[in-house]
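Enquirer: Let me give you the structure first, and then I'll get to my questions.
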Amino acid sequence: MPCELCGREVKGCKLAIVDGAKLSVCPDCIKFAEGAPEEPPRPPAPVQRFLVQRTRQTQPKDIYKDMQQDLITDWNHKVEDARKRKGLTRQELGFRIGERTVTIAKIENGDLRPSDQVIAKLEKELSIKLLEPISTEKPATTPTTPGTTASYTLGDFIKK
Ligand SMILES: [Zn+2]
């Protein structure tokens, strides 16, 4: 007599109550029956727990990293030089890092500041460093007015 739950022809089927129905079930399926010894509760998946912990741990670190690094001043030239050194066209480079040719052109012309994601891809593909640590202890050119540099906004930067 086959197991009425999984349908397999298994010896040693026993009558058991499954979801209120009396079925003949195999030893494998007896665990679904009412009154069967419960399986020990499963411990939380260790992988998932690890991922949650990892996310929590790396997030503040990434923010810290972003705050401490900025694009080098001649990043667009560095991208162009490195690309030419590798013998790549803008189209080829764009293809490799999954960006459009026009995006590469804009980046090399300095018209477009690459996103952090694109920076990472460019650095990897061209074996260059586009980020430099921001020196927090830069010798102030105007020591009498220490608050001046902090008042510059992105808008000020673009206007210049
Ligand atoms: Zn079965």
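The chains in the structure tokens are called A, B, ... from first to last as shown; in each chain the residues are counted from 1, and the ligands are counted from 1 in the order shown.
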Using only C-alpha atoms, which residues sit within 7 Å of A:Asp70 once same-chain residues fewer than 3 positions away are excluded, as a compact mmCIF listing (two decimals) with N, CA and C atoms, in the first residue's frame?

Expert:
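The resulting file, around-v4.txt, is shown below:
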# COMPACT_ATOMS: atom_id res chain seq x y z
N LEU A 131 40.23 58.16 -6.15
CA LEU A 131 39.88 58.76 -4.86
C LEU A 131 41.15 59.02 -4.07
N GLU A 132 41.13 60.08 -3.34
CA GLU A 132 42.24 60.36 -2.45
C GLU A 132 41.66 60.70 -1.08
N PRO A 133 42.37 60.34 -0.06
CA PRO A 133 41.85 60.66 1.26
C PRO A 133 41.81 62.18 1.48
N ILE A 134 40.74 62.60 2.08
CA ILE A 134 40.64 64.02 2.40
C ILE A 134 41.47 64.28 3.64

Enquirer: List all protein, DNA and RNA residues that have any atom at most 12 Å from ligand 1, counting only C-alpha atoms and all ligand atoms, and write the list as a ChimeraX atom specification.

Expert: /A:1-16,18,23-33

Enquirer: Write the residues you've just listed into a file as a compact mmCIF listing (two decimals), in the first residue's frame, and include C-alpha atoms for each of them.

Expert:
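Output (part-v2.txt):
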# COMPACT_ATOMS: atom_id res chain seq x y z
CA MET A 1 0.00 0.00 0.00
CA PRO A 2 1.54 3.30 -1.05
CA CYS A 3 1.93 6.17 1.34
CA GLU A 4 -1.18 8.28 0.98
CA LEU A 5 0.72 11.47 1.54
CA CYS A 6 3.74 11.27 -0.74
CA GLY A 7 2.43 8.45 -2.93
CA ARG A 8 5.57 6.38 -2.69
CA GLU A 9 5.35 2.63 -2.37
CA VAL A 10 6.94 2.27 1.02
CA LYS A 11 6.81 -0.59 3.44
CA GLY A 12 5.89 0.12 7.02
CA CYS A 13 3.10 2.62 6.39
CA LYS A 14 1.10 3.46 9.45
CA LEU A 15 -2.29 4.97 9.95
CA ALA A 16 -2.04 8.47 11.23
CA VAL A 18 -2.86 14.22 8.98
CA LEU A 23 -4.14 8.38 6.19
CA SER A 24 -1.73 5.58 5.78
CA VAL A 25 1.64 7.29 5.75
CA CYS A 26 5.22 6.14 5.39
CA PRO A 27 7.84 6.66 8.08
CA ASP A 28 9.04 9.73 6.19
CA CYS A 29 5.64 11.36 6.26
CA ILE A 30 4.68 10.33 9.79
CA LYS A 31 6.20 13.62 10.96
CA PHE A 32 3.27 15.45 9.36
CA ALA A 33 0.81 13.45 11.40

Enquirer: Please, what distance in Å, to one decimal, runs between atom CA of A:Ser127 and atom CA of A:Arg96?

Expert: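 Going from atom CA of A:Ser127 over to atom CA of A:Arg96 covers 13.2 Å.
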
Enquirer: How many Å lie between atom CA of A:Arg83 and atom CA of A:Leu112, rounded to one decimal?

Expert: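 Atom CA of A:Leu112 lies 16.7 Å from atom CA of A:Arg83.
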